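A.B. asks: Input structure: coords-v2.cif, which contains mmCIF, C-alpha atoms.
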```cif
data_work
#
loop_
_atom_site.label_atom_id
_atom_site.label_comp_id
_atom_site.auth_asym_id
_atom_site.auth_seq_id
_atom_site.Cartn_x
_atom_site.Cartn_y
_atom_site.Cartn_z
CA MET A 1 -5.96 13.38 -21.22
CA THR A 2 -5.91 12.34 -17.58
CA ARG A 3 -9.10 12.00 -15.57
CA VAL A 4 -7.21 12.40 -12.27
CA ASN A 5 -8.12 15.50 -10.27
CA LYS A 6 -6.37 15.06 -6.91
CA LEU A 7 -4.20 12.63 -4.96
CA TRP A 8 -4.02 12.41 -1.17
CA PRO A 9 -1.34 10.38 0.67
CA LEU A 10 -2.88 9.01 3.88
CA LEU A 11 -0.75 8.08 6.91
CA THR A 12 -2.71 5.13 8.30
CA ALA A 13 -0.24 3.91 10.97
CA THR A 14 3.42 3.85 11.98
CA HIS A 15 5.49 0.72 12.43
CA ARG A 16 8.86 0.41 14.16
CA TYR A 17 10.96 -2.53 13.03
CA ASP A 18 14.42 -3.78 12.15
CA LYS A 19 15.60 -2.20 8.90
CA THR A 20 16.21 -5.61 7.32
CA ILE A 21 12.42 -5.85 6.93
CA SER A 22 12.74 -3.15 4.26
CA THR A 23 16.22 -3.78 2.87
CA HIS A 24 17.30 -7.36 2.21
CA GLY A 25 20.60 -8.08 3.95
CA ARG A 26 21.11 -4.50 5.13
CA GLY A 27 20.66 -2.75 8.45
CA ALA A 28 20.52 -5.61 10.93
CA GLY A 29 19.99 -4.23 14.43
CA GLN A 30 18.97 -0.79 13.15
CA MET A 31 15.42 0.10 14.13
CA ILE A 32 13.48 2.42 11.82
CA ASP A 33 10.07 4.06 12.02
CA ALA A 34 8.07 3.43 8.86
CA PRO A 35 4.86 5.12 7.73
CA ILE A 36 2.07 2.84 6.54
CA LEU A 37 0.48 4.67 3.65
CA ALA A 38 -2.68 4.46 1.60
CA TYR A 39 -3.67 6.82 -1.21
CA LEU A 40 -6.97 8.40 -2.19
CA ILE A 41 -7.23 9.27 -5.89
CA GLU A 42 -10.06 11.50 -7.05
CA THR A 43 -10.90 11.17 -10.74
CA SER A 44 -13.74 12.38 -12.90
CA ASN A 45 -14.79 8.70 -13.10
CA GLY A 46 -14.94 8.30 -9.31
CA ARG A 47 -12.70 7.79 -6.29
CA ILE A 48 -10.03 5.10 -5.99
CA LEU A 49 -8.28 3.91 -2.84
CA TYR A 50 -4.87 2.36 -3.37
CA ASP A 51 -4.53 0.18 -0.23
CA VAL A 52 -6.54 0.57 2.95
CA GLY A 53 -4.07 0.29 5.85
CA CYS A 54 -4.36 -1.99 8.88
CA ASP A 55 -7.30 -3.40 10.81
CA HIS A 56 -7.63 -0.95 13.72
CA SER A 57 -9.25 -3.53 15.99
CA LYS A 58 -6.42 -6.07 15.56
CA ILE A 59 -3.98 -3.44 16.78
CA ASN A 60 -5.96 -1.75 19.55
CA ASP A 61 -7.93 -4.64 21.07
CA PRO A 62 -5.42 -6.32 23.45
CA ALA A 63 -6.78 -9.84 22.92
CA LEU A 64 -6.81 -9.51 19.14
CA CYS A 65 -3.39 -7.87 19.15
CA ALA A 66 -1.93 -10.76 21.13
CA GLN A 67 -3.49 -13.21 18.68
CA TYR A 68 -2.51 -11.56 15.40
CA TYR A 69 0.79 -9.97 16.40
CA ASN A 70 2.14 -12.88 18.38
CA PRO A 71 5.73 -11.97 19.33
CA GLN A 72 6.94 -15.38 18.20
CA THR A 73 6.02 -14.33 14.67
CA PHE A 74 6.10 -10.53 14.91
CA SER A 75 9.13 -9.87 17.09
CA PHE A 76 8.83 -6.16 16.25
CA GLY A 77 5.22 -6.02 17.50
CA ALA A 78 2.15 -4.36 16.07
CA PRO A 79 2.02 -0.98 14.32
CA VAL A 80 0.69 2.09 16.12
CA MET A 81 -2.62 3.28 14.69
CA THR A 82 -4.81 6.07 16.06
CA GLU A 83 -8.51 6.76 15.58
CA GLU A 84 -7.66 9.65 13.27
CA GLN A 85 -5.65 7.33 11.02
CA ARG A 86 -8.57 5.09 10.11
CA ILE A 87 -9.62 5.48 6.48
CA PRO A 88 -13.24 6.47 7.36
CA SER A 89 -11.82 9.25 9.57
CA TYR A 90 -9.80 10.66 6.68
CA LEU A 91 -12.83 10.49 4.40
CA ALA A 92 -14.99 12.29 6.96
CA ARG A 93 -12.49 15.16 7.10
CA LEU A 94 -13.04 15.59 3.36
CA GLY A 95 -16.82 15.49 3.75
CA LEU A 96 -16.95 11.96 2.35
CA SER A 97 -17.94 8.51 3.58
CA ALA A 98 -16.95 4.96 2.69
CA ALA A 99 -19.94 4.87 0.32
CA ASP A 100 -18.21 7.53 -1.79
CA ILE A 101 -15.37 5.16 -2.75
CA ASP A 102 -15.85 3.58 -6.17
CA VAL A 103 -12.79 1.30 -6.41
CA VAL A 104 -10.54 -0.24 -3.78
CA PHE A 105 -7.28 -1.37 -5.35
CA LEU A 106 -5.18 -3.64 -3.14
CA GLY A 107 -1.56 -3.48 -4.25
CA HIS A 108 -0.97 -6.64 -2.22
CA LEU A 109 -2.60 -8.50 0.65
CA HIS A 110 -0.28 -7.97 3.61
CA PHE A 111 -1.97 -6.87 6.84
CA ASP A 112 -0.76 -3.27 6.58
CA HIS A 113 -2.26 -2.82 3.12
CA ALA A 114 -5.48 -4.87 3.15
CA GLY A 115 -6.47 -4.85 6.83
CA GLY A 116 -8.85 -1.89 6.64
CA LEU A 117 -11.14 -3.51 4.09
CA GLY A 118 -13.57 -4.96 6.63
CA GLU A 119 -14.12 -1.62 8.32
CA LEU A 120 -14.77 0.05 4.97
CA ARG A 121 -17.38 -2.57 4.14
CA ARG A 122 -19.05 -2.15 7.52
CA CYS A 123 -19.13 1.61 6.93
CA GLY A 124 -21.05 1.19 3.69
CA CYS A 125 -18.35 0.83 1.04
CA GLY A 126 -19.82 -1.08 -1.89
CA ALA A 127 -16.85 -0.53 -4.19
CA ASP A 128 -15.26 -3.11 -6.43
CA VAL A 129 -12.15 -4.50 -4.71
CA HIS A 130 -9.40 -5.22 -7.22
CA VAL A 131 -6.80 -7.89 -6.40
CA GLN A 132 -4.47 -9.86 -8.64
CA LYS A 133 -5.17 -13.54 -9.26
CA ASP A 134 -1.61 -14.61 -8.33
CA GLU A 135 -1.68 -12.44 -5.21
CA LEU A 136 -4.87 -14.00 -3.89
CA ALA A 137 -3.74 -17.54 -4.70
CA ALA A 138 -0.46 -17.07 -2.80
CA ALA A 139 -2.15 -15.35 0.15
CA MET A 140 -4.61 -18.22 0.50
CA THR A 141 -1.83 -20.81 0.91
CA GLY A 142 -1.26 -19.61 4.48
CA GLN A 143 2.50 -19.58 3.87
CA ASP A 144 2.91 -15.80 4.21
CA VAL A 145 2.66 -14.79 7.88
CA ALA A 146 2.03 -11.16 6.87
CA CYS A 147 -1.31 -12.12 5.29
CA PHE A 148 -4.26 -12.32 7.68
CA ALA A 149 -6.88 -14.17 5.64
CA ASP A 150 -9.83 -12.59 7.44
CA ASP A 151 -8.63 -9.17 6.26
CA PHE A 152 -9.88 -10.00 2.78
CA VAL A 153 -11.90 -13.23 2.97
CA GLY A 154 -15.56 -12.48 3.64
CA HIS A 155 -15.34 -8.84 2.58
CA GLY A 156 -16.07 -9.46 -1.08
CA PRO A 157 -16.96 -9.74 -3.71
CA LEU A 158 -13.43 -9.33 -5.01
CA LYS A 159 -12.71 -8.36 -8.60
CA ILE A 160 -9.94 -10.77 -9.59
CA THR A 161 -7.58 -9.24 -12.14
CA ASP A 162 -4.60 -10.57 -14.08
CA GLY A 163 -1.78 -8.36 -15.29
CA GLU A 164 -1.59 -4.66 -16.07
CA TYR A 165 -4.59 -2.55 -17.04
CA ASP A 166 -6.01 0.97 -16.95
CA LEU A 167 -8.48 1.81 -14.20
CA CYS A 168 -9.26 5.04 -16.09
CA ASP A 169 -7.38 7.55 -18.22
CA GLY A 170 -4.36 8.50 -16.12
CA VAL A 171 -4.48 5.58 -13.66
CA ARG A 172 -2.78 2.31 -14.59
CA ALA A 173 -2.00 -0.83 -12.58
CA ILE A 174 1.67 -1.80 -12.97
CA SER A 175 2.89 -5.34 -12.29
CA THR A 176 5.81 -5.43 -9.83
CA PRO A 177 6.01 -8.94 -8.29
CA GLY A 178 8.74 -10.11 -5.95
CA HIS A 179 7.80 -8.80 -2.54
CA THR A 180 4.59 -10.79 -3.03
CA ALA A 181 3.44 -13.03 -5.86
CA GLY A 182 1.07 -10.53 -7.46
CA HIS A 183 2.29 -7.19 -6.16
CA MET A 184 1.00 -4.19 -8.13
CA SER A 185 2.23 -0.61 -8.23
CA MET A 186 0.19 2.25 -9.71
CA TRP A 187 0.84 4.93 -12.32
CA ILE A 188 -0.99 8.23 -11.76
CA THR A 189 -0.98 11.12 -14.21
CA LEU A 190 -1.75 14.26 -12.22
CA PRO A 191 -3.42 17.30 -13.82
CA THR A 192 -0.17 19.27 -13.48
CA GLY A 193 3.46 18.40 -12.90
CA ALA A 194 5.21 15.05 -13.20
CA PRO A 195 3.30 11.76 -13.13
CA VAL A 196 3.53 9.68 -9.95
CA LEU A 197 4.46 6.01 -9.66
CA LEU A 198 3.22 4.60 -6.37
CA ALA A 199 5.78 1.86 -5.77
CA GLY A 200 3.84 0.16 -3.02
CA ASP A 201 6.08 -2.35 -1.27
CA ALA A 202 8.12 -2.92 -4.41
CA ALA A 203 10.24 -0.17 -2.81
CA ASP A 204 9.83 0.58 0.89
CA LEU A 205 12.59 3.17 1.00
CA THR A 206 14.36 5.54 -1.38
CA GLU A 207 17.37 3.32 -0.71
CA ASN A 208 15.62 0.39 -2.39
CA LEU A 209 15.37 2.48 -5.55
CA ASP A 210 18.75 4.23 -5.45
CA ASP A 211 20.78 1.09 -4.69
CA GLU A 212 18.42 -1.46 -6.30
CA VAL A 213 18.06 -3.38 -3.04
CA ALA A 214 15.19 -5.85 -2.71
CA PRO A 215 12.71 -5.57 0.17
CA GLY A 216 13.63 -7.70 3.15
CA GLY A 217 10.82 -10.17 2.72
CA CYS A 218 10.04 -11.63 -0.70
CA TRP A 219 7.57 -14.36 -1.61
CA GLN A 220 9.40 -17.69 -1.81
CA GLY A 221 12.76 -15.90 -1.82
CA ASN A 222 12.15 -14.12 -5.13
CA TYR A 223 14.69 -11.36 -4.44
CA ALA A 224 15.92 -11.27 -8.04
CA GLN A 225 12.36 -10.77 -9.25
CA ALA A 226 11.93 -7.94 -6.74
CA ILE A 227 15.06 -6.22 -8.08
CA ASP A 228 13.73 -6.65 -11.63
CA SER A 229 10.56 -4.87 -10.50
CA ILE A 230 12.57 -2.01 -9.00
CA ARG A 231 14.47 -1.65 -12.27
CA LYS A 232 11.19 -1.70 -14.19
CA LEU A 233 9.84 1.17 -12.07
CA LYS A 234 13.05 3.14 -12.52
CA GLN A 235 13.09 2.62 -16.28
CA LEU A 236 9.43 3.59 -16.58
CA GLY A 237 9.96 6.64 -14.38
CA ALA A 238 12.99 7.77 -16.35
CA SER A 239 11.35 7.27 -19.75
CA GLU A 240 8.17 9.13 -18.78
CA GLY A 241 9.57 11.71 -16.36
CA ALA A 242 7.64 10.29 -13.40
CA GLN A 243 8.34 10.55 -9.68
CA ILE A 244 8.59 7.20 -7.88
CA TRP A 245 7.12 7.26 -4.39
CA PRO A 246 8.50 4.69 -1.93
CA ASN A 247 5.92 3.35 0.48
CA HIS A 248 7.49 3.18 3.96
CA ASP A 249 9.98 6.07 3.96
CA PHE A 250 9.28 8.80 6.52
CA ALA A 251 11.86 11.21 5.10
CA PHE A 252 10.15 11.00 1.72
CA TYR A 253 6.61 11.09 3.14
CA ARG A 254 7.33 14.30 5.06
CA ARG A 255 8.08 16.05 1.76
CA LEU A 256 4.55 15.39 0.51
CA PRO A 257 1.61 17.73 1.15
CA ALA A 258 0.17 17.28 4.64
CA PHE A 259 -3.44 16.11 4.75
CA PRO A 260 -5.95 17.54 3.93
CA GLN A 261 -3.82 19.21 1.25
CA ALA A 262 -3.76 17.22 -1.98
CA CYS A 263 -1.34 16.74 -4.83
CA VAL A 264 -2.90 18.30 -7.94
#
```
Show me this structure written as structure tokens.
C.D. replies:
Amino acid sequence: MTRVNKLWPLLTATHRYDKTISTHGRGAGQMIDAPILAYLIETSNGRILYDVGCDHSKINDPALCAQYYNPQTFSFGAPVMTEEQRIPSYLARLGLSAADIDVVFLGHLHFDHAGGLGELRRCGCGADVHVQKDELAAAMTGQDVACFADDFVGHGPLKITDGEYDLCDGVRAISTPGHTAGHMSMWITLPTGAPVLLAGDAADLTENLDDEVAPGGCWQGNYAQAIDSIRKLKQLGASEGAQIWPNHDFAFYRRLPAFPQACV
């Protein structure tokens, strides 16, 4: 029996970049617009955020933007993020605040998934923040330019986890490494209809799933591991009749209920 009541996809920013960022070896010179998504899951045990989007100040403060999105490293520039796309703004529209979040689950520690943590803490979020042991260890090496250490260092305490586990009945963390060392997807059993597998960045686009193409950037070149994770998601989805939701696919995102509507 699932304890999930509702699921909201949250569009936290938009990023325009070369398609090879999402599909390894495919689409060079083709610019795509990608949604940056987070997800709010309401359960009878409490509320879970899967990812928290970007740090609004790093994008919209010119000095910080120049520092963090240096064009020598980020040739495609910073995402576009509005005031309305901040997580606290979404919560307010539902009559909630950051203090109403019980668990923050970071699928991985790239800037577009972990950057909003500091703002949530400043707004009163006292939730446990779940992150995989291997993910944190790799992020702290400084070798992944998409990890901004101050997005997650100093905003603890962090709950360090290792491997797959149930957050509650109907919500399970699924190990899908490759894109990053400890990348985690999430299984969600909704009250009605098919279960949902949030791929996270294991699959940016539907194309990653359909053609079993690795994401464009993988930790230490682990493209084969990333493809194994895609196949794992597909096998799990097929065996359990679940929908797999890619994470940066506008065509797919536009088919989902528009906020504040929820998936139930």
A.B. asks: Atom CA of Ala146 of chain A and atom CA of His108 of chain A are how many Å apart?
C.D. replies: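 Calculated distance between atom CA of Ala146 of chain A and atom CA of His108 of chain A is 10.6 Å.
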A.B. asks: What lies within 12 Å of Gln132 of chain A using all atoms listed in the file, ignoring chain neighbours under 2 positions off, as a count of residues only?
C.D. replies: 32
A.B. asks: Check which residues satisfy the PyMOL selection byres ((chain A and resi 48-62) around 8) in the file shown, then give them as a ChimeraX atom specification.
C.D. replies: /A:12-13,36-43,46-47,63-66,68,78-83,86-87,101-108,111-119,151
A.B. asks: The PyMOL selection byres ((chain A and resi 251) around 10) - which residues does that actually catch in the file I just gave you? List them as an NGL selection string.
C.D. replies: :A and (34-35 or 205-206 or 248-250 or 252-256)
A.B. asks: Suppose you want the space between atom CA of Cys125 of chain A and atom CA of Ala98 of chain A; what is it in Å?
C.D. replies: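 Atom CA of Ala98 of chain A lies 4.7 Å from atom CA of Cys125 of chain A.
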A.B. asks: Record the distance separating atom CA of Arg172 of chain A and atom CA of Leu198 of chain A, expressed in Å with one decimal.
C.D. replies: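 Computing it gives 10.4 Å between the two atoms.
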A.B. asks: I need the residue nearest Leu11 of chain A from this list: A:Asp33, A:Asp211, A:Glu84, A:Asp204. Use only C-alpha atoms for the distance.
C.D. replies: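 So, comparing all the options, the nearest one is A:Glu84.
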A.B. asks: Nearest to Pro195 of chain A among A:Val171, A:Ala99, A:Cys123, A:Leu10, with distances taken over all atoms listed in the file: which residue is it?
C.D. replies: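 Residue with the minimum atom-to-atom distance to Pro195 of chain A: A:Val171.
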A.B. asks: Written as number ranges by chain, what is the full residue list that the PyMOL selection byres ((chain A and resi 24-27) around 6) yields on the file shown?
C.D. replies: A: 19-20, 23, 28, 30, 214-216
